[in-house]
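Chemist: Right, I'll just put the structure down here and ask away after.
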Amino acid sequence: MEVSFSKEIEQLTLGEGEVFHGEGILAITKALLQSGVSYIGGYQGAPVSHLLDVMVQAKELVAGLGVHVEACSNEASAAAMLGASIHYPVRGAVTWKSIVGTNVAADALANLASPGVTGGVLMVIGEDYGEGASVVQERTHAYAMKSTLLLLDPRPELQTMVDLVGHAFAMSEASNMPAMMELRIRACHVRGSFTCKDNRRPVISALSPMAEPGSFDYGRLAHPPSTFRHEKLKVDERLPAARRYIVEHGLNELHEGRHADVGIIVQGGIAPALLRALQQFGLADAFGNSDLPLLVLNVTYPLVPEQVAAFAQGKRAVLVVEEGSPEYIEHEIGSHLRRHDLQTALHGKDMLPATGELTAEAIMKALLGFVSRYLPQQNVQPVASLLAATDARRQQAASRLDAALPARPPGFCIGCPERPVFSAIKLAQQDIGPVHVAADIGCHSFATFEPFSLGHSILGYGMSLASRAGVSPVMQRRVLSIMGDGGFWHNGLLTGVQSALFNGDDAVLLIFKNGYTSATGTQDIISTPGKGTKQQATDKLASLTASDRTIENTLAGLGVQWLRTVHSYRVAAMRDVIREAMTTPFAGLKVIIAEGECQLERQRRVRPWLASLLAKGERVLRVKYGVDDDVCNGDHACMRLSGCPTLTLKDNPDPLKVDPVATVIDGCVGCGLCGENAHAATLCPSFYRVEVVQNPRWHERLADQLRRLALRLVQPA
Ligand code: SF4
Ligand code: SF4
């Protein structure tokens, strides 16, 4: 990874009394060091990638504290790492993106939660839900309930979040329950400040290791008959201990309000949106003071039945503001009210949207019904008018458009090495016919959008080859499975390759070997070449990935017999290899490695290097592509085969032609795909290649002058 987090790392060194300024996720990272963790692990994924990225680069700092940092191969290995805290009084933290990461980790989590932990355990979970989310929309809450895990949902204010990290470890130790802290996208990126404490060196650590292992204790194994006792312990001892901790330390916030006969129970992470909505009704101020009593649940599992009942006691109605579906918290609160024989009316999803992010606007709509019904003296007209005006503005904007606005889906970066491969797949399909494409998680899933629209299913990270196992036998043509190198190491090697080989499947797998887990932030993987090779690759502007054969060697070692490596940008060669894989009489697993370094990461390395050459007055050559207006016939076949953002349209300069012509705008990184596509698909010859030379040598200047002179002679102005 070429991005440097040196500024962030500086923030991690702040000591007692100093003030941290920055993002929520970095504050959590600092809080881990203040809590005396012995080990930190995880698997990258938005919105929590930053935690692990910073930790991996902060090696010197964390090593000084004796903290071990592990970039795990997937979330299951991260969850399994927490097993250290079952026997030993060591605190550990891991991080991943949920819900998908929690799904991957589920087995280890259940086996961790059953015996319970001695040292405090905290999983920092990126709750990738709502606007901007990139995964299936489900709730992590279900895992907390089923495996008996603590679930914290802190109010997104930095001091609160940091304090709750400390409490999460302590509560985990008090209850023997592993803790999860869910952080929504906005909570990770909220900015603020908090007063730091010194980083804490753990008692047991890499600097002061234990002399002997713990004694054998069958009761700490998630194995029968211990598991039967564990189930009982969870209910009889751990949950009550957690509830005691929550009450004794006031983790859930109780705010009184002048309208004492109604109240709102809200997840901590949603509290700011609720307060903003209440503010519109004149029921809260800008500083978070509410006229309605609030119970802010910074711990959403377990709930404390007595706390809920005490809050509801004497109130005519309580509204539960809970995001997503099913409404687990509301259901549980309903049970507690019944068990306490309270007649308080309970509202929640009857007023709030069942699905989607709870924005201030969505909460305002729900509050309109709640406030009108229970506080009829409150003038809700301004809010009703505001909501109506917003709706009207939306409708008005929509009606003014001649047609729906074009979708702006995410796409490959300019010059991405994966784009040419999808061009090649399109071309191959011209010959072999349409094929079922088992897609995967990663940048390559952008090919499910226009202009490629390739991909019939996505079953999880690294699961494409496994997901075609049921399709292949019932399909006349072979199925094409696509996977990135990130997905290959995360899961695909075992779930897909091993299974296909073991079963002797007639399958085709295409692996993008771009050198990183690009979609999660270009983190390094086991097949990422080292720094020296990267520097070499820059100097020669050669392909980085070619120097590493880890994937090829692994596949060969496992017994893959049909293996081809093709440079991603060689469209015609790639088309031919895909065609061969899909039609060869060889009936086993066929693997194509598409080799080409992630362009984003490459540019991060190449640009500063080129800038340094220019600064020294040295010669720099850049390649760019262009389209000759006179030759372009305006059929735009090149765009349907590329989708590069810098290959676009402009008005036809010929007054006799109406179709816009193709053009290459600034930003082209000269990846060569335009030329490759024109050649492989036998497109019109309108593309040209330009070499831009900065700081040219004397003979280049002379050649240029001669050429200009010749042009003037044959083409006078
Ligand atoms: S990050 Fe890399 S692999 Fe992903 S789209 Fe951009 S260039 Fe392609
Ligand atoms: S050569 Fe073509 S595909 Fe490559 S960056 Fe330039 S315009 Fe885009």
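In the structure tokens, each chain is lettered A, B, ... as it comes, each chain's residues begin at 1, and ligands are numbered from 1 in order of appearance.
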Write out as a compact mmCIF listing (two decimals) with C-alpha atoms, in the first residue's frame each polymer residue whose atoms come within 8 Å of Asp628 of chain A, counting only C-alpha atoms; drop sequence neighbours fewer than 2 positions from it.

Modeler:
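Written output follows (selection_33.txt):
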```
# COMPACT_ATOMS: atom_id res chain seq x y z
CA GLY A 626 -6.45 10.19 -28.77
CA ASP A 630 -11.96 13.08 -39.13
CA VAL A 631 -11.83 9.29 -38.95
CA CYS A 632 -14.23 8.55 -36.06
CA SER A 686 -9.33 6.51 -35.46
CA PHE A 687 -7.19 5.97 -32.36
CA TYR A 688 -3.70 7.36 -32.25
```

Chemist: Residues contacting ligand 2 - anything with an atom at most 6 Å away, using only C-alpha atoms and all ligand atoms - can you give me those as a PyMOL selection string?

Modeler: chain A and resi 414-415+625+644+646-647+664+668-674

Chemist: Please list as a PyMOL selection string every residue within 7 Å of segment 177-181 of chain A, counting only C-alpha atoms and excluding residues in the same chain fewer than 5 positions away.

Modeler: chain A and resi 113+116-117+120-125+149-153+168+172+238

Chemist: What would the file look like if the residues just selected were written as a short mmCIF file (atom, residue, chain, number, x, y, z; two decimals), in the first residue's frame with N, CA, C and O atoms?

Modeler:
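Resulting contents of out.cif:
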```
data_model
loop_
_atom_site.label_atom_id
_atom_site.label_comp_id
_atom_site.auth_asym_id
_atom_site.auth_seq_id
_atom_site.Cartn_x
_atom_site.Cartn_y
_atom_site.Cartn_z
N ALA A 113 -17.65 -17.49 22.08
CA ALA A 113 -18.67 -17.03 23.03
C ALA A 113 -19.12 -18.15 23.96
O ALA A 113 -19.53 -17.90 25.08
N GLY A 116 -16.59 -18.49 26.67
CA GLY A 116 -16.44 -17.15 27.23
C GLY A 116 -14.97 -16.78 27.37
O GLY A 116 -14.08 -17.60 27.12
N VAL A 117 -14.72 -15.54 27.77
CA VAL A 117 -13.35 -15.03 27.79
C VAL A 117 -12.92 -14.62 29.19
O VAL A 117 -13.76 -14.26 30.02
N GLY A 120 -10.44 -9.26 28.35
CA GLY A 120 -11.47 -8.54 27.59
C GLY A 120 -11.25 -8.63 26.09
O GLY A 120 -10.11 -8.57 25.62
N VAL A 121 -12.34 -8.80 25.36
CA VAL A 121 -12.28 -8.95 23.91
C VAL A 121 -13.21 -7.93 23.27
O VAL A 121 -14.35 -7.78 23.70
N LEU A 122 -12.72 -7.23 22.27
CA LEU A 122 -13.57 -6.26 21.57
C LEU A 122 -13.44 -6.41 20.07
O LEU A 122 -12.33 -6.40 19.53
N MET A 123 -14.59 -6.57 19.40
CA MET A 123 -14.62 -6.58 17.94
C MET A 123 -15.17 -5.24 17.48
O MET A 123 -16.28 -4.88 17.86
N VAL A 124 -14.39 -4.51 16.71
CA VAL A 124 -14.85 -3.23 16.18
C VAL A 124 -15.45 -3.51 14.81
O VAL A 124 -14.74 -3.86 13.86
N ILE A 125 -16.75 -3.36 14.75
CA ILE A 125 -17.50 -3.82 13.59
C ILE A 125 -17.97 -2.62 12.76
O ILE A 125 -18.65 -1.74 13.28
N LEU A 149 -23.30 -12.21 22.77
CA LEU A 149 -22.17 -11.27 22.72
C LEU A 149 -22.67 -9.91 23.18
O LEU A 149 -23.84 -9.57 22.96
N LEU A 150 -21.81 -9.16 23.79
CA LEU A 150 -22.18 -7.78 24.12
C LEU A 150 -22.19 -6.98 22.83
O LEU A 150 -21.32 -7.16 21.98
N LEU A 151 -23.17 -6.10 22.69
CA LEU A 151 -23.21 -5.25 21.50
C LEU A 151 -23.32 -3.80 21.92
O LEU A 151 -24.33 -3.38 22.50
N LEU A 152 -22.26 -3.04 21.62
CA LEU A 152 -22.27 -1.61 21.95
C LEU A 152 -22.53 -0.82 20.67
O LEU A 152 -22.03 -1.17 19.59
N ASP A 153 -23.32 0.21 20.80
CA ASP A 153 -23.69 1.06 19.67
C ASP A 153 -23.52 2.51 20.14
O ASP A 153 -24.49 3.19 20.46
N ALA A 168 -16.00 -1.44 27.28
CA ALA A 168 -16.26 -2.70 26.56
C ALA A 168 -15.31 -3.79 27.05
O ALA A 168 -15.71 -4.92 27.31
N SER A 172 -16.51 -6.89 29.26
CA SER A 172 -16.22 -8.21 28.73
C SER A 172 -15.58 -9.08 29.81
O SER A 172 -15.91 -10.26 29.98
N ARG A 238 -23.56 -14.78 32.97
CA ARG A 238 -22.91 -13.76 32.14
C ARG A 238 -23.84 -12.58 31.84
O ARG A 238 -23.44 -11.43 31.98
#
```

Chemist: For ligand 1, return the neighbouring residues as a VMD selection string (distance at most 12 Å; only C-alpha atoms and all ligand atoms).

Modeler: chain A and resid 1 410 to 422 441 to 447 483 to 486 512 to 523 568 594 to 604 643 to 645 669 671

Chemist: Using backbone DSSP assignments, extract all helix (DSSP H, G or I) residues from segment 512-635 of chain A; output them as number ranges by chain.

Modeler: A: 518-520, 531-540, 545-547, 550-558, 571-583, 599-615

Chemist: So which residues touch Cys196 of chain A within 9 Å, counting only C-alpha atoms, skipping near sequence neighbours fewer than 4 positions away, as a PDB file with N, CA, C and O atoms, in the first residue's frame?

Modeler:
```pdb
ATOM      1  N   LEU A  14      -0.255  10.549  21.357  1.00  0.00           N
ATOM      2  CA  LEU A  14      -0.635  11.583  22.328  1.00  0.00           C
ATOM      3  C   LEU A  14      -0.743  10.984  23.724  1.00  0.00           C
ATOM      4  O   LEU A  14      -1.163   9.839  23.897  1.00  0.00           O
ATOM      5  N   GLY A  15      -0.395  11.773  24.706  1.00  0.00           N
ATOM      6  CA  GLY A  15      -0.391  11.279  26.086  1.00  0.00           C
ATOM      7  C   GLY A  15      -1.449  11.935  26.948  1.00  0.00           C
ATOM      8  O   GLY A  15      -2.267  12.740  26.467  1.00  0.00           O
ATOM      9  N   GLU A  16      -1.420  11.597  28.215  1.00  0.00           N
ATOM     10  CA  GLU A  16      -2.387  12.059  29.219  1.00  0.00           C
ATOM     11  C   GLU A  16      -2.645  13.570  29.106  1.00  0.00           C
ATOM     12  O   GLU A  16      -1.709  14.369  29.106  1.00  0.00           O
ATOM     13  N   GLY A  17      -3.899  13.929  28.970  1.00  0.00           N
ATOM     14  CA  GLY A  17      -4.287  15.333  28.974  1.00  0.00           C
ATOM     15  C   GLY A  17      -4.211  16.017  27.621  1.00  0.00           C
ATOM     16  O   GLY A  17      -4.760  17.105  27.441  1.00  0.00           O
ATOM     17  N   GLU A  18      -3.538  15.404  26.663  1.00  0.00           N
ATOM     18  CA  GLU A  18      -3.447  16.032  25.340  1.00  0.00           C
ATOM     19  C   GLU A  18      -4.762  15.804  24.587  1.00  0.00           C
ATOM     20  O   GLU A  18      -5.480  14.840  24.856  1.00  0.00           O
ATOM     21  N   VAL A  19      -5.030  16.703  23.638  1.00  0.00           N
ATOM     22  CA  VAL A  19      -6.328  16.616  22.958  1.00  0.00           C
ATOM     23  C   VAL A  19      -6.155  16.060  21.551  1.00  0.00           C
ATOM     24  O   VAL A  19      -5.353  16.555  20.758  1.00  0.00           O
ATOM     25  N   PHE A  20      -6.910  15.032  21.291  1.00  0.00           N
ATOM     26  CA  PHE A  20      -6.921  14.385  19.968  1.00  0.00           C
ATOM     27  C   PHE A  20      -7.984  15.081  19.122  1.00  0.00           C
ATOM     28  O   PHE A  20      -9.097  15.317  19.583  1.00  0.00           O
ATOM     29  N   LYS A  30      -6.946   4.807  18.805  1.00  0.00           N
ATOM     30  CA  LYS A  30      -6.174   5.344  19.939  1.00  0.00           C
ATOM     31  C   LYS A  30      -6.697   4.750  21.252  1.00  0.00           C
ATOM     32  O   LYS A  30      -5.915   4.386  22.145  1.00  0.00           O
ATOM     33  N   ALA A  31      -8.021   4.620  21.334  1.00  0.00           N
ATOM     34  CA  ALA A  31      -8.627   4.099  22.566  1.00  0.00           C
ATOM     35  C   ALA A  31      -8.167   2.663  22.839  1.00  0.00           C
ATOM     36  O   ALA A  31      -8.010   2.272  23.991  1.00  0.00           O
ATOM     37  N   GLN A  34      -4.934   2.841  24.550  1.00  0.00           N
ATOM     38  CA  GLN A  34      -5.101   3.325  25.927  1.00  0.00           C
ATOM     39  C   GLN A  34      -5.679   2.251  26.839  1.00  0.00           C
ATOM     40  O   GLN A  34      -5.642   2.373  28.056  1.00  0.00           O
TER      41      GLN A  34
END
```

Chemist: Write out as a ChimeraX atom specification each polymer residue whose atoms come within 9 Å of Ala273 of chain A, counting only C-alpha atoms; drop sequence neighbours fewer than 5 positions from it.

Modeler: /A:278,358-361,363

Chemist: Create the file for the chosen residues now, containing all heavy atoms and written as a short mmCIF file (atom, residue, chain, number, x, y, z; two decimals), in the first residue's frame.

Modeler:
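Final output, saved to again10.cif:
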```
data_model
loop_
_atom_site.label_atom_id
_atom_site.label_comp_id
_atom_site.auth_asym_id
_atom_site.auth_seq_id
_atom_site.Cartn_x
_atom_site.Cartn_y
_atom_site.Cartn_z
N LEU A 278 -35.85 16.06 16.34
CA LEU A 278 -36.60 16.70 17.42
C LEU A 278 -36.44 18.22 17.38
O LEU A 278 -37.35 18.98 17.68
CB LEU A 278 -36.12 16.17 18.78
CG LEU A 278 -36.61 14.77 19.17
CD1 LEU A 278 -35.85 14.26 20.39
CD2 LEU A 278 -38.11 14.75 19.45
N LEU A 358 -31.93 5.37 9.01
CA LEU A 358 -32.78 6.33 9.73
C LEU A 358 -32.12 7.71 9.66
O LEU A 358 -31.37 8.10 10.56
CB LEU A 358 -33.00 5.89 11.17
CG LEU A 358 -33.96 4.72 11.37
CD1 LEU A 358 -34.26 4.52 12.84
CD2 LEU A 358 -35.27 4.90 10.60
N THR A 359 -32.41 8.42 8.60
CA THR A 359 -31.92 9.79 8.48
C THR A 359 -32.83 10.68 9.32
O THR A 359 -33.91 10.27 9.74
CB THR A 359 -31.98 10.24 7.02
OG1 THR A 359 -33.34 10.10 6.58
CG2 THR A 359 -31.09 9.39 6.12
N ALA A 360 -32.39 11.92 9.50
CA ALA A 360 -33.21 12.86 10.27
C ALA A 360 -34.58 13.02 9.59
O ALA A 360 -35.62 13.11 10.27
CB ALA A 360 -32.50 14.20 10.37
N GLU A 361 -34.60 13.00 8.27
CA GLU A 361 -35.87 13.17 7.55
C GLU A 361 -36.81 11.99 7.82
O GLU A 361 -38.00 12.18 8.09
CB GLU A 361 -35.61 13.30 6.05
CG GLU A 361 -36.85 13.67 5.27
CD GLU A 361 -36.62 13.72 3.77
OE1 GLU A 361 -35.45 13.66 3.34
OE2 GLU A 361 -37.62 13.80 3.04
N ILE A 363 -36.83 10.08 10.42
CA ILE A 363 -37.29 10.14 11.82
C ILE A 363 -38.32 11.25 11.98
O ILE A 363 -39.30 11.11 12.73
CB ILE A 363 -36.10 10.34 12.78
CG1 ILE A 363 -35.13 9.15 12.65
CG2 ILE A 363 -36.57 10.46 14.22
CD1 ILE A 363 -33.85 9.28 13.46
#
```

Chemist: For segment 320-324 of chain A, work out the shell of residues within 9 Å, counting only C-alpha atoms and skipping chain neighbours fewer than 6 positions away, then give it as a list of chain:residue names.

Modeler: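 With the cut-off at 9 Å, the set is A:Tyr129, A:Gly130, A:Gln137, A:Glu138, A:Arg139, A:Gly263, A:Ile264, A:Ile265, A:Val266, A:Gln267, A:Ile270, A:Ala271, A:Leu274, A:Glu330, A:Ile333, A:Leu346, A:His347, A:Gly348, A:Lys349, A:Leu352, A:Pro353, A:Ala354, A:Thr355, A:Gly356, A:Glu357, A:Leu358, A:Ile363.
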
Chemist: Could you write out the selected residues, including N, CA, C and O atoms, as an mmCIF file, in the first residue's frame?

Modeler:
```cif
data_model
loop_
_atom_site.group_PDB
_atom_site.id
_atom_site.type_symbol
_atom_site.label_atom_id
_atom_site.label_comp_id
_atom_site.auth_asym_id
_atom_site.auth_seq_id
_atom_site.Cartn_x
_atom_site.Cartn_y
_atom_site.Cartn_z
ATOM 1 N N TYR A 129 -24.253 -0.162 6.670
ATOM 2 C CA TYR A 129 -25.702 -0.171 6.462
ATOM 3 C C TYR A 129 -26.152 1.223 5.991
ATOM 4 O O TYR A 129 -25.633 2.229 6.421
ATOM 5 N N GLY A 130 -27.128 1.225 5.102
ATOM 6 C CA GLY A 130 -27.725 2.497 4.693
ATOM 7 C C GLY A 130 -27.003 3.127 3.523
ATOM 8 O O GLY A 130 -26.255 2.475 2.794
ATOM 9 N N GLN A 137 -27.901 -5.941 3.138
ATOM 10 C CA GLN A 137 -28.384 -5.155 4.261
ATOM 11 C C GLN A 137 -29.035 -6.057 5.319
ATOM 12 O O GLN A 137 -30.220 -6.416 5.216
ATOM 13 N N GLU A 138 -28.250 -6.421 6.292
ATOM 14 C CA GLU A 138 -28.723 -7.213 7.426
ATOM 15 C C GLU A 138 -28.141 -6.608 8.694
ATOM 16 O O GLU A 138 -27.245 -5.773 8.626
ATOM 17 N N ARG A 139 -28.627 -7.104 9.847
ATOM 18 C CA ARG A 139 -28.186 -6.509 11.107
ATOM 19 C C ARG A 139 -27.247 -7.439 11.883
ATOM 20 O O ARG A 139 -27.529 -8.625 12.032
ATOM 21 N N GLY A 263 -41.812 9.206 25.993
ATOM 22 C CA GLY A 263 -40.360 9.051 25.934
ATOM 23 C C GLY A 263 -39.915 8.331 24.673
ATOM 24 O O GLY A 263 -40.733 7.742 23.950
ATOM 25 N N ILE A 264 -38.633 8.419 24.443
ATOM 26 C CA ILE A 264 -38.061 7.765 23.255
ATOM 27 C C ILE A 264 -36.856 6.932 23.685
ATOM 28 O O ILE A 264 -35.994 7.412 24.436
ATOM 29 N N ILE A 265 -36.823 5.690 23.216
ATOM 30 C CA ILE A 265 -35.651 4.832 23.425
ATOM 31 C C ILE A 265 -34.953 4.727 22.068
ATOM 32 O O ILE A 265 -35.580 4.380 21.065
ATOM 33 N N VAL A 266 -33.677 5.045 22.037
ATOM 34 C CA VAL A 266 -32.971 5.136 20.751
ATOM 35 C C VAL A 266 -31.620 4.431 20.840
ATOM 36 O O VAL A 266 -30.959 4.449 21.878
ATOM 37 N N GLN A 267 -31.220 3.806 19.734
ATOM 38 C CA GLN A 267 -29.861 3.248 19.650
ATOM 39 C C GLN A 267 -28.874 4.408 19.711
ATOM 40 O O GLN A 267 -29.103 5.446 19.069
ATOM 41 N N ILE A 270 -27.885 6.248 16.559
ATOM 42 C CA ILE A 270 -28.928 6.998 15.849
ATOM 43 C C ILE A 270 -29.274 8.289 16.587
ATOM 44 O O ILE A 270 -29.984 9.146 16.076
ATOM 45 N N ALA A 271 -28.755 8.447 17.807
ATOM 46 C CA ALA A 271 -29.148 9.577 18.652
ATOM 47 C C ALA A 271 -28.980 10.948 17.963
ATOM 48 O O ALA A 271 -29.890 11.791 18.057
ATOM 49 N N LEU A 274 -31.844 11.564 15.643
ATOM 50 C CA LEU A 274 -33.085 11.783 16.397
ATOM 51 C C LEU A 274 -33.122 13.203 16.951
ATOM 52 O O LEU A 274 -34.137 13.910 16.855
ATOM 53 N N GLU A 330 -37.134 -3.495 19.696
ATOM 54 C CA GLU A 330 -38.544 -3.196 19.966
ATOM 55 C C GLU A 330 -39.271 -4.448 20.479
ATOM 56 O O GLU A 330 -40.042 -4.382 21.441
ATOM 57 N N ILE A 333 -38.207 -5.021 24.040
ATOM 58 C CA ILE A 333 -38.798 -4.039 24.959
ATOM 59 C C ILE A 333 -40.274 -4.383 25.195
ATOM 60 O O ILE A 333 -40.780 -4.295 26.317
ATOM 61 N N LEU A 346 -46.551 1.140 23.094
ATOM 62 C CA LEU A 346 -45.219 0.974 22.496
ATOM 63 C C LEU A 346 -45.305 1.209 20.991
ATOM 64 O O LEU A 346 -46.110 0.583 20.295
ATOM 65 N N HIS A 347 -44.485 2.147 20.516
ATOM 66 C CA HIS A 347 -44.434 2.428 19.078
ATOM 67 C C HIS A 347 -43.008 2.249 18.574
ATOM 68 O O HIS A 347 -42.049 2.343 19.324
ATOM 69 N N GLY A 348 -42.922 1.999 17.301
ATOM 70 C CA GLY A 348 -41.613 1.816 16.676
ATOM 71 C C GLY A 348 -41.817 1.680 15.182
ATOM 72 O O GLY A 348 -42.087 2.658 14.479
ATOM 73 N N LYS A 349 -41.755 0.455 14.718
ATOM 74 C CA LYS A 349 -41.844 0.252 13.275
ATOM 75 C C LYS A 349 -43.242 0.496 12.726
ATOM 76 O O LYS A 349 -43.420 0.500 11.502
ATOM 77 N N LEU A 352 -42.014 4.150 12.099
ATOM 78 C CA LEU A 352 -40.727 4.330 11.393
ATOM 79 C C LEU A 352 -40.637 3.400 10.190
ATOM 80 O O LEU A 352 -41.292 2.351 10.173
ATOM 81 N N PRO A 353 -39.820 3.760 9.203
ATOM 82 C CA PRO A 353 -39.643 2.835 8.075
ATOM 83 C C PRO A 353 -38.985 1.536 8.534
ATOM 84 O O PRO A 353 -38.078 1.558 9.368
ATOM 85 N N ALA A 354 -39.481 0.430 8.016
ATOM 86 C CA ALA A 354 -38.956 -0.882 8.422
ATOM 87 C C ALA A 354 -37.552 -1.104 7.907
ATOM 88 O O ALA A 354 -36.770 -1.837 8.509
ATOM 89 N N THR A 355 -37.219 -0.475 6.781
ATOM 90 C CA THR A 355 -35.913 -0.723 6.164
ATOM 91 C C THR A 355 -35.218 0.602 5.865
ATOM 92 O O THR A 355 -35.854 1.651 5.816
ATOM 93 N N GLY A 356 -33.926 0.508 5.651
ATOM 94 C CA GLY A 356 -33.156 1.683 5.223
ATOM 95 C C GLY A 356 -32.657 2.504 6.392
ATOM 96 O O GLY A 356 -33.066 2.321 7.541
ATOM 97 N N GLU A 357 -31.740 3.413 6.053
ATOM 98 C CA GLU A 357 -31.083 4.238 7.065
ATOM 99 C C GLU A 357 -32.067 5.197 7.721
ATOM 100 O O GLU A 357 -32.926 5.779 7.054
ATOM 101 N N LEU A 358 -31.927 5.372 9.013
ATOM 102 C CA LEU A 358 -32.779 6.334 9.725
ATOM 103 C C LEU A 358 -32.119 7.710 9.662
ATOM 104 O O LEU A 358 -31.375 8.103 10.560
ATOM 105 N N ILE A 363 -36.829 10.082 10.420
ATOM 106 C CA ILE A 363 -37.289 10.143 11.822
ATOM 107 C C ILE A 363 -38.323 11.252 11.983
ATOM 108 O O ILE A 363 -39.299 11.110 12.727
#
```

Chemist: Can you list every residue of segment 375-492 of chain A that has an atom at most 12 Å from segment 70-74 of chain A, with its nearest atom pair and the distance in Å to one decimal, using only C-alpha atoms, ordered by chain then number, as a Markdown table?

Modeler:
```
| residue | atom | partner | partner_atom | distance |
| --- | --- | --- | --- | --- |
| A:Tyr461 | CA | A:Asn74 | CA | 9.7 |
| A:Gly462 | CA | A:Asn74 | CA | 10.6 |
| A:Asp485 | CA | A:Ser73 | CA | 11.9 |
| A:Gly486 | CA | A:Ser73 | CA | 9.2 |
| A:Gly487 | CA | A:Asn74 | CA | 9.5 |
| A:Phe488 | CA | A:Ser73 | CA | 10.3 |
| A:Trp489 | CA | A:Ser73 | CA | 6.9 |
| A:His490 | CA | A:Asn74 | CA | 5.3 |
| A:Asn491 | CA | A:Asn74 | CA | 7.6 |
| A:Gly492 | CA | A:Asn74 | CA | 11.1 |
```

Chemist: Write the residues of the preceding selection, restricted to C-alpha atoms, as a PDB file, in the first residue's frame.

Modeler:
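Once written, out.pdb looks like this:
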```
ATOM      1  CA  TYR A 461     -15.991 -12.872  -1.061  1.00  0.00           C
ATOM      2  CA  GLY A 462     -13.974 -15.538  -2.894  1.00  0.00           C
ATOM      3  CA  ASP A 485      -6.370 -12.215  -5.799  1.00  0.00           C
ATOM      4  CA  GLY A 486      -7.831 -10.747  -2.589  1.00  0.00           C
ATOM      5  CA  GLY A 487     -10.809 -13.099  -2.820  1.00  0.00           C
ATOM      6  CA  PHE A 488      -8.553 -15.990  -3.776  1.00  0.00           C
ATOM      7  CA  TRP A 489      -6.587 -15.732  -0.508  1.00  0.00           C
ATOM      8  CA  HIS A 490      -9.583 -14.752   1.590  1.00  0.00           C
ATOM      9  CA  ASN A 491     -11.607 -17.812   0.754  1.00  0.00           C
ATOM     10  CA  GLY A 492     -11.513 -18.831  -2.902  1.00  0.00           C
TER      11      GLY A 492
END
```

Chemist: Applying 12 Å and only C-alpha atoms, which residues near Ser208 of chain A remain after dropping the ones on its own chain fewer than 5 positions away? List them as an NGL selection string.

Modeler: :A and (38 or 63-68 or 90 or 201-203)

Chemist: Please report the interatomic distance between atom CA of Val479 of chain A and atom CA of Thr565 of chain A in Å with one decimal.

Modeler: 19.1 Å

Chemist: According to DSSP computed on the backbone, where in segment 432-579 of chain A is there strand (DSSP E or B)? Give the residues as a list in words.

Modeler: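 Matching residues, listed in order: Val437, Ala438, Ala439, Ser457, Ile458, Leu480, Ser481, Ile482, Met483, Gly484, Val508, Leu509, Leu510, Ile511, Phe512, Lys513, Tyr516, Thr517, Gln523, Asp524, Trp562, Leu563, Arg564, Thr565, Val566 and His567 of chain A.
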
Chemist: What separation in Å, quoted to one decimal, exists between atom CA of Ser612 of chain A and atom CA of Val56 of chain A?

Modeler: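 These atoms are spaced 27.3 Å apart.
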
Chemist: Using only C-alpha atoms, which residue out of A:Tyr39, A:Lys232, A:His50, A:Val69 lies closest to Gly83 of chain A?

Modeler: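 With only C-alpha atoms as the atom set, the closest residue is A:Tyr39.
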
Chemist: Between A:Leu207, A:Leu109, A:Tyr88, A:Leu405, which has the minimum distance to Ala222 of chain A (counting only C-alpha atoms)?

Modeler: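 Looking only at the distances to Ala222 of chain A, the closest residue turns out to be A:Leu109.
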